[in-house]
Amino acid sequence: LNQAIGSKVFRLNVTLNNLFIVERGDTVRFNTSTKEQMEIIVDKLVKSGVERIVYATDSFIYPYGYSATHTICAPDPYSERDAYERWVTVNSKAMGLIAKEFPEIKYFEVINEPDIPGNEVLCKNGMLWGTQQAEFMYTAEDEANILADLNYYMRREVKKVDESNMMMTAAFSSLASTYDFLEYFYGAIESGAHPIKDEDPCSVDPDDYFDIMDLHPYAFVAENIDPANKYIEGIPTVNESYVKGCMKFYEICCKHGDAEKPHWYTELGFTDRGLEGSRVQAGIEVKEQLRLIKTELPFVECVIFYKMTDLYEYTVSISEDYFGLFTALMNPDHPLELKPIMKEIYAFMHDGSTDYSAFDAVRDKYLER
């Protein structure tokens, strides 16, 4: 499918806790079976024409002997200082190993959407997934400080392998609260308190922490500017308020000396919840979204849509299940069918083309199996 689309970029999520094992002495090594699977995937992506692969994760690994209640916990940088520094170190080493063993991967993302208020990503040890226990939540300021540490050391490790490697920020959710979170993040960098190791001189230069700003500005960003932004068929409309919402993120970066750094939108998309009217409207809105990004947001270098197909056999929720650009392969009525959103994206990429024969060939190939 990726080859048929003609996409040149792919965000590959292989969780750190599945990809690595931490042994005595905090030695980090690959989980052989997961690494072999990842090698197959990366090879196929390259052969399909992908030129930019983003490594993404939504979990962490932990120092040898440290017991975490979930793989999204971070040891407390105040009360568990030694464990915290070791935690930053093993996760940074893991990024360096990925860069070394997978030279095809040049882009590295810290973690997914840690800035959502009440989100359990990047919480204190003791949190049980799904419980949202307030006593195990870090403040936004503390989370921003933790991310600054991770960004600094992860970037250092991937740059040791190849100076051309690019370290991205965490993938920020782009909610209205994300504006404040970005200020906390830059504040952490500029505080003179990072990085954390005594032997390393402090850096207040954002260039030492990240190369690319990573955001998820779904269409709801318009509501950051206009809370009454209209929905049609359950799909948020895309308009000048969307542009203003995205510009506000960029203006924060400019304020802190990062006007020249590219922004990557590593998740865009619409959930149609399986409704035909919503599918049609999603196509209308994505057409306008792409037009506005191209004409009004020149600092945006790359966009990635979430996700390739709907979920069918292994479902998550009515919202998550229907973000696909295609229907699910196992959909008994319409297997691997282009949805209106994919048709508009394809037309945008290929001068208005409506030739979908390459997709038909992919679908026929898999249905024969």
# chains A, B, ... in the order shown; residues from 1 in each chain; ligands from 1

$ residues_around --residues "Ala222 in chain A" --least-positions-apart "5" --cutoff "8 Å" --atoms "only C-alpha atoms" --output "ChimeraX atom specification"
/A:227,229,238-245

$ residues_around --residues "Lys159 in chain A" --least-positions-apart "5" --cutoff "10 Å" --atoms "only C-alpha atoms" --output "PyMOL selection string"
chain A and resi 96+99+106+153-154+164-167

$ closest_residue --among "A:Ile41, A:Ile235, A:Ile293, A:Val286" --to "Asp272 in chain A" --atoms "only C-alpha atoms"
A:Ile235

$ residues_around --residues "Ala188 in chain A" --least-positions-apart "5" --cutoff "9 Å" --atoms "only C-alpha atoms" --output "list in words"
Glu141, Asp142, Ala144, Asn145, Ile146, Leu147, Ala148, Glu183, Ala193, His194 and Val204 of chain A

$ closest_residue --among "A:Thr32, A:Glu23, A:Met95, A:Asn18" --to "Thr71 in chain A" --atoms "only C-alpha atoms"
A:Asn18

$ select_by_dssp --residues "range 173-224 of chain A" --states "helix (DSSP H, G or I)" --output "JSON list (two decimals) with all heavy atoms, in the first residue's frame"
[["chain", "number", "residue", "atom", "x", "y", "z"],
["A", 176, "ALA", "N", -5.02, 22.66, 23.35],
["A", 176, "ALA", "CA", -4.82, 24.04, 23.79],
["A", 176, "ALA", "C", -3.79, 24.11, 24.91],
["A", 176, "ALA", "O", -3.00, 25.07, 24.99],
["A", 176, "ALA", "CB", -6.16, 24.63, 24.25],
["A", 177, "SER", "N", -3.75, 23.10, 25.77],
["A", 177, "SER", "CA", -2.79, 23.07, 26.87],
["A", 177, "SER", "C", -1.35, 22.85, 26.39],
["A", 177, "SER", "O", -0.40, 23.10, 27.14],
["A", 177, "SER", "CB", -3.17, 21.97, 27.87],
["A", 177, "SER", "OG", -3.20, 20.70, 27.22],
["A", 178, "THR", "N", -1.18, 22.40, 25.15],
["A", 178, "THR", "CA", 0.16, 22.15, 24.63],
["A", 178, "THR", "C", 0.95, 23.44, 24.46],
["A", 178, "THR", "O", 2.18, 23.44, 24.56],
["A", 178, "THR", "CB", 0.10, 21.39, 23.29],
["A", 178, "THR", "OG1", -0.68, 20.21, 23.46],
["A", 178, "THR", "CG2", 1.48, 20.99, 22.80],
["A", 179, "TYR", "N", 0.27, 24.57, 24.25],
["A", 179, "TYR", "CA", 0.98, 25.84, 24.16],
["A", 179, "TYR", "C", 1.76, 26.09, 25.45],
["A", 179, "TYR", "O", 2.94, 26.44, 25.42],
["A", 179, "TYR", "CB", 0.01, 26.99, 23.89],
["A", 179, "TYR", "CG", -0.79, 26.84, 22.63],
["A", 179, "TYR", "CD1", -2.18, 26.89, 22.64],
["A", 179, "TYR", "CD2", -0.17, 26.67, 21.39],
["A", 179, "TYR", "CE1", -2.93, 26.77, 21.49],
["A", 179, "TYR", "CE2", -0.90, 26.54, 20.22],
["A", 179, "TYR", "CZ", -2.29, 26.59, 20.28],
["A", 179, "TYR", "OH", -3.02, 26.46, 19.13],
["A", 180, "ASP", "N", 1.10, 25.91, 26.59],
["A", 180, "ASP", "CA", 1.78, 26.09, 27.87],
["A", 180, "ASP", "C", 2.87, 25.04, 28.05],
["A", 180, "ASP", "O", 3.95, 25.33, 28.58],
["A", 180, "ASP", "CB", 0.78, 25.99, 29.02],
["A", 180, "ASP", "CG", -0.11, 27.22, 29.13],
["A", 180, "ASP", "OD1", 0.29, 28.29, 28.62],
["A", 180, "ASP", "OD2", -1.20, 27.10, 29.70],
["A", 181, "PHE", "N", 2.59, 23.80, 27.60],
["A", 181, "PHE", "CA", 3.58, 22.73, 27.77],
["A", 181, "PHE", "C", 4.85, 23.05, 26.99],
["A", 181, "PHE", "O", 5.96, 22.81, 27.47],
["A", 181, "PHE", "CB", 3.00, 21.39, 27.33],
["A", 181, "PHE", "CG", 3.80, 20.22, 27.82],
["A", 181, "PHE", "CD1", 3.48, 19.60, 29.03],
["A", 181, "PHE", "CD2", 4.89, 19.73, 27.10],
["A", 181, "PHE", "CE1", 4.23, 18.53, 29.50],
["A", 181, "PHE", "CE2", 5.64, 18.66, 27.56],
["A", 181, "PHE", "CZ", 5.31, 18.07, 28.77],
["A", 182, "LEU", "N", 4.71, 23.58, 25.79],
["A", 182, "LEU", "CA", 5.89, 23.95, 25.01],
["A", 182, "LEU", "C", 6.71, 25.02, 25.73],
["A", 182, "LEU", "O", 7.95, 25.00, 25.70],
["A", 182, "LEU", "CB", 5.48, 24.47, 23.63],
["A", 182, "LEU", "CG", 5.20, 23.43, 22.55],
["A", 182, "LEU", "CD1", 4.94, 24.12, 21.21],
["A", 182, "LEU", "CD2", 6.33, 22.44, 22.40],
["A", 183, "GLU", "N", 6.03, 25.94, 26.39],
["A", 183, "GLU", "CA", 6.74, 26.96, 27.16],
["A", 183, "GLU", "C", 7.50, 26.31, 28.32],
["A", 183, "GLU", "O", 8.64, 26.69, 28.62],
["A", 183, "GLU", "CB", 5.76, 28.02, 27.69],
["A", 183, "GLU", "CG", 5.17, 28.92, 26.61],
["A", 183, "GLU", "CD", 6.17, 29.96, 26.09],
["A", 183, "GLU", "OE1", 7.37, 29.91, 26.43],
["A", 183, "GLU", "OE2", 5.73, 30.83, 25.31],
["A", 184, "TYR", "N", 6.88, 25.34, 28.98],
["A", 184, "TYR", "CA", 7.57, 24.63, 30.05],
["A", 184, "TYR", "C", 8.79, 23.89, 29.50],
["A", 184, "TYR", "O", 9.85, 23.86, 30.14],
["A", 184, "TYR", "CB", 6.63, 23.61, 30.73],
["A", 184, "TYR", "CG", 5.45, 24.21, 31.44],
["A", 184, "TYR", "CD1", 4.21, 23.57, 31.39],
["A", 184, "TYR", "CD2", 5.55, 25.39, 32.17],
["A", 184, "TYR", "CE1", 3.10, 24.10, 32.05],
["A", 184, "TYR", "CE2", 4.44, 25.92, 32.83],
["A", 184, "TYR", "CZ", 3.23, 25.27, 32.76],
["A", 184, "TYR", "OH", 2.13, 25.79, 33.41],
["A", 185, "PHE", "N", 8.62, 23.29, 28.33],
["A", 185, "PHE", "CA", 9.72, 22.53, 27.71],
["A", 185, "PHE", "C", 10.90, 23.45, 27.39],
["A", 185, "PHE", "O", 12.05, 23.16, 27.73],
["A", 185, "PHE", "CB", 9.21, 21.82, 26.46],
["A", 185, "PHE", "CG", 10.23, 21.00, 25.74],
["A", 185, "PHE", "CD1", 10.88, 19.94, 26.36],
["A", 185, "PHE", "CD2", 10.54, 21.27, 24.42],
["A", 185, "PHE", "CE1", 11.82, 19.17, 25.69],
["A", 185, "PHE", "CE2", 11.48, 20.50, 23.73],
["A", 185, "PHE", "CZ", 12.12, 19.46, 24.37],
["A", 186, "TYR", "N", 10.61, 24.57, 26.75],
["A", 186, "TYR", "CA", 11.67, 25.52, 26.46],
["A", 186, "TYR", "C", 12.24, 26.11, 27.76],
["A", 186, "TYR", "O", 13.45, 26.34, 27.87],
["A", 186, "TYR", "CB", 11.16, 26.65, 25.56],
["A", 186, "TYR", "CG", 11.23, 26.33, 24.09],
["A", 186, "TYR", "CD1", 10.07, 26.12, 23.34],
["A", 186, "TYR", "CD2", 12.45, 26.25, 23.43],
["A", 186, "TYR", "CE1", 10.14, 25.84, 21.97],
["A", 186, "TYR", "CE2", 12.53, 25.98, 22.07],
["A", 186, "TYR", "CZ", 11.37, 25.77, 21.35],
["A", 186, "TYR", "OH", 11.45, 25.48, 20.01],
["A", 187, "GLY", "N", 11.37, 26.32, 28.74],
["A", 187, "GLY", "CA", 11.84, 26.82, 30.03],
["A", 187, "GLY", "C", 12.81, 25.87, 30.69],
["A", 187, "GLY", "O", 13.79, 26.28, 31.31],
["A", 188, "ALA", "N", 12.53, 24.56, 30.56],
["A", 188, "ALA", "CA", 13.44, 23.56, 31.12],
["A", 188, "ALA", "C", 14.80, 23.65, 30.44],
["A", 188, "ALA", "O", 15.85, 23.63, 31.10],
["A", 188, "ALA", "CB", 12.84, 22.17, 30.96],
["A", 189, "ILE", "N", 14.79, 23.76, 29.12],
["A", 189, "ILE", "CA", 16.05, 23.85, 28.37],
["A", 189, "ILE", "C", 16.83, 25.10, 28.77],
["A", 189, "ILE", "O", 18.05, 25.07, 28.98],
["A", 189, "ILE", "CB", 15.76, 23.86, 26.85],
["A", 189, "ILE", "CG1", 15.22, 22.49, 26.40],
["A", 189, "ILE", "CG2", 17.01, 24.23, 26.06],
["A", 189, "ILE", "CD1", 14.71, 22.46, 24.98],
["A", 190, "GLU", "N", 16.13, 26.20, 28.92],
["A", 190, "GLU", "CA", 16.78, 27.49, 29.20],
["A", 190, "GLU", "C", 17.10, 27.71, 30.67],
["A", 190, "GLU", "O", 17.70, 28.72, 31.03],
["A", 190, "GLU", "CB", 15.88, 28.61, 28.67],
["A", 190, "GLU", "CG", 15.73, 28.58, 27.15],
["A", 190, "GLU", "CD", 14.54, 29.38, 26.64],
["A", 190, "GLU", "OE1", 13.81, 29.97, 27.48],
["A", 190, "GLU", "OE2", 14.32, 29.40, 25.41],
["A", 206, "PRO", "N", 18.56, 25.14, 22.54],
["A", 206, "PRO", "CA", 17.64, 24.10, 22.05],
["A", 206, "PRO", "C", 18.25, 23.20, 20.98],
["A", 206, "PRO", "O", 17.84, 22.05, 20.83],
["A", 206, "PRO", "CB", 16.46, 24.90, 21.48],
["A", 206, "PRO", "CG", 16.50, 26.20, 22.21],
["A", 206, "PRO", "CD", 17.96, 26.48, 22.45],
["A", 207, "ASP", "N", 19.26, 23.70, 20.25],
["A", 207, "ASP", "CA", 19.90, 22.89, 19.22],
["A", 207, "ASP", "C", 20.59, 21.65, 19.80],
["A", 207, "ASP", "O", 20.79, 20.66, 19.09],
["A", 207, "ASP", "CB", 20.94, 23.71, 18.46],
["A", 207, "ASP", "CG", 20.31, 24.74, 17.54],
["A", 207, "ASP", "OD1", 19.07, 24.73, 17.39],
["A", 207, "ASP", "OD2", 21.04, 25.57, 16.99],
["A", 208, "ASP", "N", 20.96, 21.70, 21.07],
["A", 208, "ASP", "CA", 21.59, 20.54, 21.70],
["A", 208, "ASP", "C", 20.57, 19.50, 22.16],
["A", 208, "ASP", "O", 20.95, 18.42, 22.61],
["A", 208, "ASP", "CB", 22.41, 20.99, 22.92],
["A", 208, "ASP", "CG", 23.66, 21.76, 22.51],
["A", 208, "ASP", "OD1", 24.17, 21.51, 21.41],
["A", 208, "ASP", "OD2", 24.10, 22.62, 23.30],
["A", 219, "ALA", "N", -7.47, 18.22, 13.21],
["A", 219, "ALA", "CA", -8.33, 19.35, 12.86],
["A", 219, "ALA", "C", -8.88, 20.08, 14.08],
["A", 219, "ALA", "O", -9.24, 21.26, 14.00],
["A", 219, "ALA", "CB", -9.48, 18.87, 11.97],
["A", 220, "PHE", "N", -8.94, 19.40, 15.23],
["A", 220, "PHE", "CA", -9.47, 20.05, 16.43],
["A", 220, "PHE", "C", -8.62, 21.23, 16.89],
["A", 220, "PHE", "O", -9.03, 22.00, 17.76],
["A", 220, "PHE", "CB", -9.64, 19.07, 17.58],
["A", 220, "PHE", "CG", -8.35, 18.43, 18.07],
["A", 220, "PHE", "CD1", -7.39, 19.17, 18.75],
["A", 220, "PHE", "CD2", -8.11, 17.09, 17.84],
["A", 220, "PHE", "CE1", -6.22, 18.60, 19.18],
["A", 220, "PHE", "CE2", -6.92, 16.50, 18.28],
["A", 220, "PHE", "CZ", -5.98, 17.26, 18.96],
["A", 221, "VAL", "N", -7.42, 21.39, 16.31],
["A", 221, "VAL", "CA", -6.58, 22.55, 16.65],
["A", 221, "VAL", "C", -7.34, 23.85, 16.41],
["A", 221, "VAL", "O", -7.11, 24.85, 17.10],
["A", 221, "VAL", "CB", -5.26, 22.50, 15.84],
["A", 221, "VAL", "CG1", -4.55, 23.86, 15.86],
["A", 221, "VAL", "CG2", -4.33, 21.44, 16.42],
["A", 222, "ALA", "N", -8.28, 23.83, 15.46],
["A", 222, "ALA", "CA", -9.09, 25.03, 15.21],
["A", 222, "ALA", "C", -9.83, 25.46, 16.47],
["A", 222, "ALA", "O", -10.05, 26.66, 16.71],
["A", 222, "ALA", "CB", -10.09, 24.77, 14.08],
["A", 223, "GLU", "N", -10.21, 24.49, 17.31],
["A", 223, "GLU", "CA", -10.94, 24.81, 18.54],
["A", 223, "GLU", "C", -10.06, 25.49, 19.58],
["A", 223, "GLU", "O", -10.57, 26.12, 20.52],
["A", 223, "GLU", "CB", -11.55, 23.53, 19.12],
["A", 223, "GLU", "CG", -12.60, 22.90, 18.22],
["A", 223, "GLU", "CD", -12.96, 21.48, 18.65],
["A", 223, "GLU", "OE1", -13.19, 21.26, 19.84],
["A", 223, "GLU", "OE2", -12.98, 20.61, 17.76],
["A", 224, "ASN", "N", -8.73, 25.38, 19.44],
["A", 224, "ASN", "CA", -7.84, 26.12, 20.33],
["A", 224, "ASN", "C", -8.03, 27.62, 20.14],
["A", 224, "ASN", "O", -7.80, 28.40, 21.07],
["A", 224, "ASN", "CB", -6.38, 25.77, 20.03],
["A", 224, "ASN", "CG", -6.04, 24.32, 20.32],
["A", 224, "ASN", "OD1", -6.84, 23.60, 20.90],
["A", 224, "ASN", "ND2", -4.85, 23.90, 19.92]]

$ atom_distance --atom1 "CA of Lys197 in chain A" --atom2 "CA of Glu101 in chain A"
26.4 Å

$ atom_distance --atom1 "CA of Glu143 in chain A" --atom2 "CA of Phe270 in chain A"
28.2 Å

$ residues_around --residues "Ser7 in chain A" --least-positions-apart "6" --cutoff "9 Å" --atoms "only C-alpha atoms" --output "PyMOL selection string"
chain A and resi 48-51+349

$ write_last_selection --atoms "N, CA, C and O atoms" --output "compact mmCIF listing (two decimals), in the first residue's frame"
# COMPACT_ATOMS: atom_id res chain seq x y z
N SER A 48 9.92 -0.22 -0.77
CA SER A 48 8.67 0.39 -1.24
C SER A 48 8.85 1.85 -1.63
O SER A 48 7.91 2.48 -2.11
N GLY A 49 10.07 2.40 -1.42
CA GLY A 49 10.33 3.77 -1.82
C GLY A 49 10.39 4.77 -0.68
O GLY A 49 10.58 5.97 -0.91
N VAL A 50 10.24 4.30 0.55
CA VAL A 50 10.30 5.21 1.70
C VAL A 50 11.73 5.72 1.88
O VAL A 50 12.68 4.94 1.88
N GLU A 51 11.87 7.03 2.01
CA GLU A 51 13.18 7.66 2.16
C GLU A 51 13.43 8.15 3.58
O GLU A 51 14.59 8.34 3.97
N MET A 349 -1.17 14.40 -3.81
CA MET A 349 0.21 13.96 -4.06
C MET A 349 0.52 13.77 -5.53
O MET A 349 1.68 13.88 -5.94

$ residues_around --residues "range 65-68 of chain A" --least-positions-apart "6" --cutoff "12 Å" --atoms "only C-alpha atoms" --output "ChimeraX atom specification"
/A:17,21-27,59,74-76,80,82-84,86-87,90,122-129

$ select_by_dssp --residues "range 76-267 of chain A" --states "strand (DSSP E or B)" --output "list in words"
Ile105, Lys106, Tyr107, Phe108, Asn112, Cys123, Lys124, Met166, Met167, Met168, Ala171, Phe172, Ile212, Met213, Asp214, Leu215, Tyr231, Ile232, Ile235, Pro236, His263, Trp264, Tyr265, Thr266 and Glu267 of chain A

$ residues_around --residues "Cys254 in chain A" --least-positions-apart "3" --cutoff "12 Å" --atoms "only C-alpha atoms" --output "VMD selection string"
chain A and resid 182 to 183 186 206 213 247 to 251 257 to 263 299

$ atom_distance --atom1 "CA of Tyr107 in chain A" --atom2 "CA of Val46 in chain A"
14.3 Å

$ residues_around --residues "range 360-364 of chain A" --least-positions-apart "4" --cutoff "7 Å" --atoms "only C-alpha atoms" --output "ChimeraX atom specification"
/A:1,336,356,368

$ write_last_selection --atoms "C-alpha atoms" --output "PDB file, in the first residue's frame"
ATOM      1  CA  LEU A   1       0.000   0.000   0.000  1.00  0.00           C
ATOM      2  CA  LEU A 336      -9.150  -2.728   1.735  1.00  0.00           C
ATOM      3  CA  TYR A 356      -6.416   3.682  -8.346  1.00  0.00           C
ATOM      4  CA  GLU A 368      -6.118 -14.214  -3.070  1.00  0.00           C
TER       5      GLU A 368
END

$ closest_residue --among "A:Val300, A:Val280, A:Ala4, A:Val28" --to "Ala358 in chain A" --atoms "only C-alpha atoms"
A:Ala4

$ decode --residues "range 126-154 of chain A" --atoms "C-alpha atoms" --output "PDB file, in the first residue's frame"
ATOM      1  CA  GLY A 126       3.253   3.099  40.965  1.00  0.00           C
ATOM      2  CA  MET A 127       0.731   4.103  38.312  1.00  0.00           C
ATOM      3  CA  LEU A 128      -1.420   1.262  37.024  1.00  0.00           C
ATOM      4  CA  TRP A 129      -2.487   1.654  33.411  1.00  0.00           C
ATOM      5  CA  GLY A 130      -6.035   2.943  33.071  1.00  0.00           C
ATOM      6  CA  THR A 131      -6.376   4.154  36.659  1.00  0.00           C
ATOM      7  CA  GLN A 132      -5.223   7.785  36.241  1.00  0.00           C
ATOM      8  CA  GLN A 133      -4.259   7.965  39.912  1.00  0.00           C
ATOM      9  CA  ALA A 134      -3.526  11.600  40.701  1.00  0.00           C
ATOM     10  CA  GLU A 135      -0.806  10.791  43.240  1.00  0.00           C
ATOM     11  CA  PHE A 136       1.288   9.229  40.483  1.00  0.00           C
ATOM     12  CA  MET A 137       1.029  12.126  38.034  1.00  0.00           C
ATOM     13  CA  TYR A 138       3.947  14.475  37.483  1.00  0.00           C
ATOM     14  CA  THR A 139       3.262  18.165  37.060  1.00  0.00           C
ATOM     15  CA  ALA A 140       3.534  19.491  33.511  1.00  0.00           C
ATOM     16  CA  GLU A 141       6.697  21.332  34.544  1.00  0.00           C
ATOM     17  CA  ASP A 142       8.285  18.123  35.843  1.00  0.00           C
ATOM     18  CA  GLU A 143       7.319  16.234  32.691  1.00  0.00           C
ATOM     19  CA  ALA A 144       8.903  18.978  30.586  1.00  0.00           C
ATOM     20  CA  ASN A 145      12.113  18.701  32.620  1.00  0.00           C
ATOM     21  CA  ILE A 146      12.183  14.924  32.148  1.00  0.00           C
ATOM     22  CA  LEU A 147      11.675  15.320  28.401  1.00  0.00           C
ATOM     23  CA  ALA A 148      14.530  17.825  28.227  1.00  0.00           C
ATOM     24  CA  ASP A 149      16.840  15.241  29.796  1.00  0.00           C
ATOM     25  CA  LEU A 150      15.694  12.509  27.443  1.00  0.00           C
ATOM     26  CA  ASN A 151      15.990  14.756  24.402  1.00  0.00           C
ATOM     27  CA  TYR A 152      19.525  15.839  25.273  1.00  0.00           C
ATOM     28  CA  TYR A 153      20.957  12.391  25.876  1.00  0.00           C
ATOM     29  CA  MET A 154      19.032  10.607  23.134  1.00  0.00           C
TER      30      MET A 154
END
